[in-house]
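Trainee: So here's final_3.txt, just compact mmCIF, C-alpha atoms:
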# COMPACT_ATOMS: atom_id res chain seq x y z
CA LYS O 1138 -29.13 -34.75 128.58
CA LYS O 1139 -28.46 -31.19 127.47
CA LEU O 1140 -32.00 -30.71 126.19
CA LYS O 1141 -34.25 -28.36 128.16
CA ILE O 1142 -37.93 -29.29 128.15
CA ILE O 1143 -40.53 -26.53 128.43
CA GLY O 1144 -44.19 -27.38 129.04
CA TYR O 1145 -47.18 -25.15 128.28
CA ALA O 1146 -50.47 -25.46 130.20
CA HIS O 1147 -52.70 -24.25 127.34
CA ALA O 1148 -56.08 -25.49 128.63
CA PRO O 1149 -58.26 -23.43 130.99
CA PRO O 1150 -57.69 -24.40 134.64
CA LEU O 1151 -59.60 -27.38 136.01
CA PRO O 1152 -61.01 -27.38 139.57
CA LEU O 1153 -58.50 -29.96 140.85
CA PRO O 1154 -55.64 -30.34 138.31
CA THR O 1155 -53.92 -33.35 139.89
CA ASN O 1156 -52.63 -34.40 136.44
CA LEU O 1157 -50.19 -31.45 136.65
CA ILE O 1158 -48.53 -32.32 139.98
CA PHE O 1159 -44.73 -31.94 139.74
CA LYS O 1160 -43.11 -35.36 139.49
CA SER O 1161 -40.22 -37.23 137.90
CA GLY O 1162 -40.34 -36.55 134.15
CA SER O 1163 -42.06 -33.15 134.49
CA PRO O 1164 -40.71 -30.37 132.23
CA ASP O 1165 -37.77 -28.22 133.37
CA GLN O 1166 -40.03 -25.19 133.05
CA ILE O 1167 -43.78 -24.66 132.72
CA ILE O 1168 -45.61 -21.76 131.03
CA VAL O 1169 -48.97 -20.77 132.54
CA ASN O 1170 -51.46 -18.01 131.67
CA GLY O 1171 -52.22 -16.21 134.92
CA LYS O 1172 -51.22 -15.36 138.51
CA ASP O 1173 -53.75 -17.82 139.94
CA GLN O 1174 -52.25 -20.59 137.83
CA LYS O 1175 -48.78 -19.73 139.12
CA TYR O 1176 -50.11 -19.83 142.70
CA CYS O 1177 -51.75 -23.23 142.10
CA PHE O 1178 -48.66 -24.76 140.47
CA ASN O 1179 -46.40 -23.49 143.26
CA LYS O 1180 -48.53 -23.90 146.41
CA ILE O 1181 -50.75 -26.85 145.45
CA LEU O 1182 -48.97 -28.84 142.73
CA GLY O 1183 -45.40 -28.66 144.07
CA TRP O 1184 -43.59 -26.66 141.36
CA LYS O 1185 -40.76 -24.29 142.34
CA LYS O 1186 -41.46 -20.63 141.51
CA SER O 1187 -38.28 -20.50 139.41
CA LYS O 1188 -39.73 -23.19 137.11
CA ILE O 1189 -43.00 -21.31 136.44
CA LYS O 1190 -43.32 -18.56 133.83
CA VAL O 1191 -46.47 -16.48 133.28
CA PHE O 1192 -47.37 -15.41 129.72
CA PRO O 1193 -50.61 -14.15 128.14
CA SER O 1194 -52.65 -16.97 126.61
CA PHE O 1195 -51.66 -18.13 123.11
CA ARG O 1196 -55.04 -19.89 122.82
CA PHE O 1197 -57.73 -17.49 124.05
CA PHE O 1198 -58.34 -14.04 122.59
CA LYS O 1199 -60.41 -11.11 123.82
CA SER O 1200 -63.84 -10.85 122.27
CA ASN O 1201 -66.66 -8.28 122.15
CA ARG O 1202 -69.26 -11.02 121.80
CA LYS O 1203 -72.35 -10.34 123.92
CA PRO O 1204 -73.30 -12.82 126.69
CA GLU O 1205 -75.78 -15.54 125.72
CA ASN O 1206 -78.09 -17.80 127.75
CA ILE O 1207 -76.60 -21.26 127.24
CA ILE O 1208 -76.75 -24.62 129.03
CA PHE O 1209 -73.58 -26.65 128.37
CA LEU O 1210 -73.50 -30.43 128.69
CA PRO O 1211 -70.29 -32.36 129.41
CA LEU O 1212 -68.80 -35.29 127.52
CA ASN O 1213 -69.98 -37.71 130.18
CA ILE O 1214 -72.79 -37.39 132.74
CA ARG O 1215 -72.13 -39.60 135.76
CA ASN O 1216 -75.54 -39.43 137.43
CA ILE O 1217 -78.46 -38.51 135.18
CA GLN O 1218 -81.14 -38.42 137.88
CA GLU O 1219 -78.98 -36.26 140.15
CA VAL O 1220 -78.43 -33.74 137.33
CA LEU O 1221 -82.12 -33.58 136.40
CA SER O 1222 -83.17 -33.27 140.04
CA ASN O 1223 -80.68 -30.42 140.56
CA PHE O 1224 -81.89 -28.64 137.42
CA GLU O 1225 -85.44 -28.74 138.84
CA LYS O 1226 -84.10 -27.25 142.10
CA LEU O 1227 -82.31 -24.53 140.14
CA ILE O 1228 -85.53 -23.57 138.34
CA LYS O 1229 -87.25 -23.15 141.72
CA LYS O 1230 -84.32 -21.36 143.43
CA LYS O 1231 -82.97 -18.99 140.78
CA LYS O 1232 -85.30 -16.52 139.08
CA ILE O 1233 -84.19 -16.84 135.47
CA ASN O 1234 -86.22 -16.97 132.25
CA TYR O 1235 -85.06 -20.44 131.19
CA LYS O 1236 -87.22 -20.33 128.06
CA ASN O 1237 -84.58 -18.07 126.45
CA PHE O 1238 -81.79 -20.67 126.81
CA ILE O 1239 -79.96 -22.62 124.12
CA ILE O 1240 -78.78 -26.13 125.07
CA LYS O 1241 -75.35 -27.08 123.72
CA ASN O 1242 -74.28 -30.71 123.82
CA HIS O 1243 -70.58 -31.60 124.03
CA PRO O 1244 -69.28 -31.96 120.42
CA ALA O 1245 -68.00 -35.50 121.14
CA ALA O 1246 -71.33 -36.59 122.69
CA MET O 1247 -73.75 -35.73 119.87
CA PHE O 1248 -74.84 -39.38 119.57
CA SER O 1249 -74.76 -40.12 123.30
CA ARG O 1250 -78.08 -41.61 124.44
CA LYS O 1251 -77.51 -40.31 127.98
CA ASN O 1252 -76.83 -36.73 126.86
CA ASN O 1253 -79.74 -36.65 124.43
CA TYR O 1254 -82.05 -38.03 127.10
CA VAL O 1255 -80.91 -35.28 129.50
CA ILE O 1256 -81.45 -32.62 126.80
CA LYS O 1257 -85.00 -33.87 126.22
CA LYS O 1258 -85.77 -33.83 129.97
CA ILE O 1259 -84.25 -30.35 130.46
CA LYS O 1260 -86.35 -28.98 127.59
CA LEU O 1261 -89.46 -30.49 129.20
CA SER O 1262 -88.60 -28.89 132.58
CA ILE O 1263 -88.11 -25.51 130.89
CA GLN O 1264 -91.36 -25.88 128.97
CA ASN O 1265 -93.22 -26.52 132.26
CA SER O 1266 -91.50 -23.67 134.17
CA GLU O 1267 -93.52 -20.63 135.18
CA PRO O 1268 -93.70 -17.74 132.67
CA PHE O 1269 -92.26 -14.34 133.61
CA LYS O 1270 -93.86 -10.92 133.38
CA LYS O 1271 -92.94 -8.78 130.37
CA ASN O 1272 -91.16 -6.21 132.54
CA PHE O 1273 -88.92 -8.89 134.16
CA LYS O 1274 -85.28 -7.71 134.07
CA GLU O 1275 -83.13 -10.72 133.36
CA LYS O 1276 -79.40 -11.32 133.39
CA LYS O 1277 -77.68 -13.56 130.88
CA TYR O 1278 -76.41 -16.82 132.35
CA GLN O 1279 -74.27 -19.72 131.23
CA ILE O 1280 -75.11 -22.96 133.03
CA PHE O 1281 -72.54 -25.76 133.06
CA ILE O 1282 -73.42 -29.35 133.92
CA GLY O 1283 -70.52 -31.41 135.31
CA THR O 1284 -66.82 -30.55 135.16
CA SER O 1285 -65.67 -28.02 132.57
CA GLY O 1286 -62.62 -25.81 132.12
CA ALA O 1287 -64.87 -23.63 129.95
CA ILE O 1288 -66.31 -22.22 133.21
CA ILE O 1289 -63.09 -20.22 133.60
CA GLU O 1290 -63.19 -18.94 130.02
CA SER O 1291 -66.84 -17.93 130.51
CA LEU O 1292 -66.05 -16.05 133.75
CA GLU O 1293 -63.11 -14.22 132.17
CA ARG O 1294 -65.43 -13.14 129.33
CA GLY O 1295 -67.78 -11.52 131.84
CA ASN O 1296 -70.60 -14.08 131.94
CA ASN O 1297 -72.74 -14.98 134.95
CA VAL O 1298 -71.97 -18.64 135.61
CA ILE O 1299 -73.90 -21.42 137.35
CA GLN O 1300 -72.59 -24.97 137.74
CA ILE O 1301 -74.62 -28.13 138.39
CA CYS O 1302 -72.14 -30.80 139.40
CA ASP O 1303 -72.08 -34.56 139.96
CA ASP O 1304 -69.29 -34.59 142.55
CA PRO O 1305 -68.45 -31.30 144.35
CA LEU O 1306 -65.12 -32.65 145.64
CA TYR O 1307 -63.74 -32.85 142.09
CA ASP O 1308 -66.03 -30.48 140.15
CA ILE O 1309 -66.16 -27.26 142.21
CA TYR O 1310 -63.68 -24.38 141.88
CA SER O 1311 -62.38 -23.42 145.33
CA SER O 1312 -60.76 -20.11 146.30
CA LYS O 1313 -58.21 -22.14 148.28
CA ILE O 1314 -56.80 -23.32 144.94
CA TRP O 1315 -57.88 -20.41 142.70
CA PRO O 1316 -57.75 -17.19 144.85
CA SER O 1317 -59.53 -14.97 142.28
CA ILE O 1318 -62.71 -17.06 142.32
CA LYS O 1319 -65.61 -16.43 144.69
CA THR O 1320 -67.83 -19.51 145.01
CA THR O 1321 -71.43 -19.33 146.29
CA LYS O 1322 -73.54 -22.38 147.07
CA ILE O 1323 -77.18 -22.16 145.88
CA ASP O 1324 -78.11 -25.69 146.90
CA LYS O 1325 -76.48 -29.09 147.20
CA ASN O 1326 -74.38 -29.54 144.01
CA ILE O 1327 -75.42 -26.13 142.58
CA TYR O 1328 -72.98 -23.22 142.68
CA THR O 1329 -72.46 -19.76 141.20
CA TYR O 1330 -69.11 -18.08 140.59
CA ASP O 1331 -67.76 -14.52 140.50
CA LEU O 1332 -64.28 -13.22 139.76
CA LYS O 1333 -62.66 -10.99 142.37
CA LYS O 1334 -60.28 -9.79 139.66
CA LYS O 1335 -60.25 -10.52 135.93
CA GLU O 1336 -57.30 -11.88 133.93
CA ASN O 1337 -55.70 -13.65 136.90
CA LEU O 1338 -56.87 -17.04 135.65
CA ILE O 1339 -56.41 -16.59 131.90
Take the structure in the file and give it back as C-alpha cells.

Mentor:
Amino acid sequence: KKLKIIGYAHAPPLPLPTNLIFKSGSPDQIIVNGKDQKYCFNKILGWKKSKIKVFPSFRFFKSNRKPENIIFLPLNIRNIQEVLSNFEKLIKKKKINYKNFIIKNHPAAMFSRKNNYVIKKIKLSIQNSEPFKKNFKEKKYQIFIGTSGAIIESLERGNNVIQICDDPLYDIYSSKIWPSIKTTKIDKNIYTYDLKKKENLI
C-alpha cells in the first residue's frame, strides 16, 4: 500500500487515446512528453493536473535527417477499396510528384496479403499518374494510410504530412484534443496537418 506507481506515456500521441482515460488502477502519477499531452490528459482523459508531469522524451531524439517522400502503410487496413479510391483522389487533388515516393509497409505486415495487394495497386496508380515538368518545384511529403502515432513524430521532425484514413472519427487528429495541430480537409477521408508550434506534442 505504500508503493507509489508512476506511469510513462512513451508512445507518440494517438488521435483519440481512450486507453489512457483515468480510472481505478491508473498510476499515482503519469509522465508525458509535451504541453499538448498534459492538456489532453487533464481536459479530455480526466487526470488531475497534480498527477501529470511533463518531461522531454526519453524515446525520441532530434535528428538532422532530411525529409523523404514516403507512403506508410498501417498494420491493418480496414477497407482496401476505400483506401485505394482515396489515393486516386489524392493524386488528382494534390500536385505532388508521386513517382519519387518510397512505399514502406508496416514491419509486422510484411506477409499480409491485404497490404501487399494495396502496395501493388498504389504502385500502379503512381505509374499511371501524369508526369511533371522538369522545372516543377516539389515539397517532400510523408503520406500515412490509416491510424498512426508516427504522424506526430513526422510533424515534429518538420515533414509535410498527409493522412488517408479509414474512419475519421477515430483516425483524425483534432485541435480540440491536440491544440498545437492544425487540420485541413482535402477531401473525404484525406487530411493534411501543420503544427502551430513545435515541441508541444513531443

Trainee: Restricting the calculation to only C-alpha atoms, which member of O:Ala1148, O:Ile1323, O:Leu1227, O:Ile1256 is positioned closest to Arg1196 (chain O)?

Mentor: O:Ala1148

Trainee: Name the closest residue to Ser1285 (chain O) among the candidates O:Ile1143, O:Ile1259, O:Ile1339, O:Leu1153; distances are taken between atoms, counting all atoms listed in the file.

Mentor: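 Closest to Ser1285 (chain O) of all the choices is O:Leu1153.
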
Trainee: Need the shell around Lys1199 (chain O): protein/DNA/RNA residues with any atom at most 8 Å away, counting all atoms listed in the file. Skip same-chain ones fewer than 2 positions apart. Format as a list in words?

Mentor: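 Those residues are Phe1197, Asn1201 and Arg1294 of chain O.
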
Trainee: How many Å lie between CA of Ala1146 (chain O) and CA of Gln1174 (chain O), rounded to one decimal?

Mentor: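 Atom-to-atom, CA of Ala1146 (chain O) and CA of Gln1174 (chain O) are spaced 9.2 Å apart.
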
Trainee: What does the structure give for the distance between CA of Lys1180 (chain O) and CA of Asp1308 (chain O), in Å to one decimal?

Mentor: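 Going from CA of Lys1180 (chain O) over to CA of Asp1308 (chain O) covers 19.7 Å.
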
Trainee: Nearest to Ile1309 (chain O): which of O:Ser1291, O:Ser1163, O:Gly1286, O:Lys1141 is it, counting all atoms listed in the file?

Mentor: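 With all atoms listed in the file as the atom set, the closest residue is O:Gly1286.
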
Trainee: Just checking: using only C-alpha atoms, which residue out of O:Asn1213, O:Asn1253, O:Ser1317, O:Gln1279 ends up closest to Phe1238 (chain O)?

Mentor: O:Gln1279

Trainee: O:Ile1240, O:Ile1181, O:Val1220, O:Ile1314: which is nearest Gln1300 (chain O), counting all atoms listed in the file?

Mentor: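 Among the listed residues, O:Val1220 lies closest to Gln1300 (chain O).
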
Trainee: Given the point (-65.7, -25.8, 139.1) in the file's coordinates, find the residues that have an atom at most 10 Å from it, counting all atoms listed in the file, and give them as a VMD selection string.

Mentor: chain O and resid 1150 to 1153 1281 to 1289 1299 to 1302 1305 to 1311 1318 1320 1328 to 1330

Trainee: Take CA of Asn1237 (chain O) and CA of Glu1290 (chain O) and report the distance between them in Å, one decimal.

Mentor: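 Separation of CA of Asn1237 (chain O) and CA of Glu1290 (chain O): 21.7 Å.
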
Trainee: Between O:Lys1160, O:Lys1186, O:Lys1232, O:Lys1172, single out the one closest to Lys1335 (chain O), counting all atoms listed in the file.

Mentor: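 Of all the options, O:Lys1172 lies closest to Lys1335 (chain O).
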
Trainee: Leaving out Ile1158 (chain O) and any residue of its chain fewer than 5 positions from it, which residues lie within 8 Å of it when counting all atoms listed in the file, given as a compact mmCIF listing (two decimals) with C-alpha atoms, in the coordinates of the input?

Mentor:
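Printed below is result.txt as written:
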# COMPACT_ATOMS: atom_id res chain seq x y z
CA PHE O 1178 -48.66 -24.76 140.47
CA LEU O 1182 -48.97 -28.84 142.73
CA GLY O 1183 -45.40 -28.66 144.07
CA TRP O 1184 -43.59 -26.66 141.36

Trainee: Give me, as number ranges by chain, all polymer residues having an atom no more than 7 Å from Leu1292 (chain O), counting all atoms listed in the file and skipping those fewer than 5 positions away in the same chain.

Mentor: O: 1297-1298, 1332

Trainee: Name all residues at most 7 Å from Asn1170 (chain O) (count all atoms listed in the file; drop same-chain ones fewer than 6 positions away) and give them as a ChimeraX atom specification.

Mentor: /O:1191-1194,1338-1339
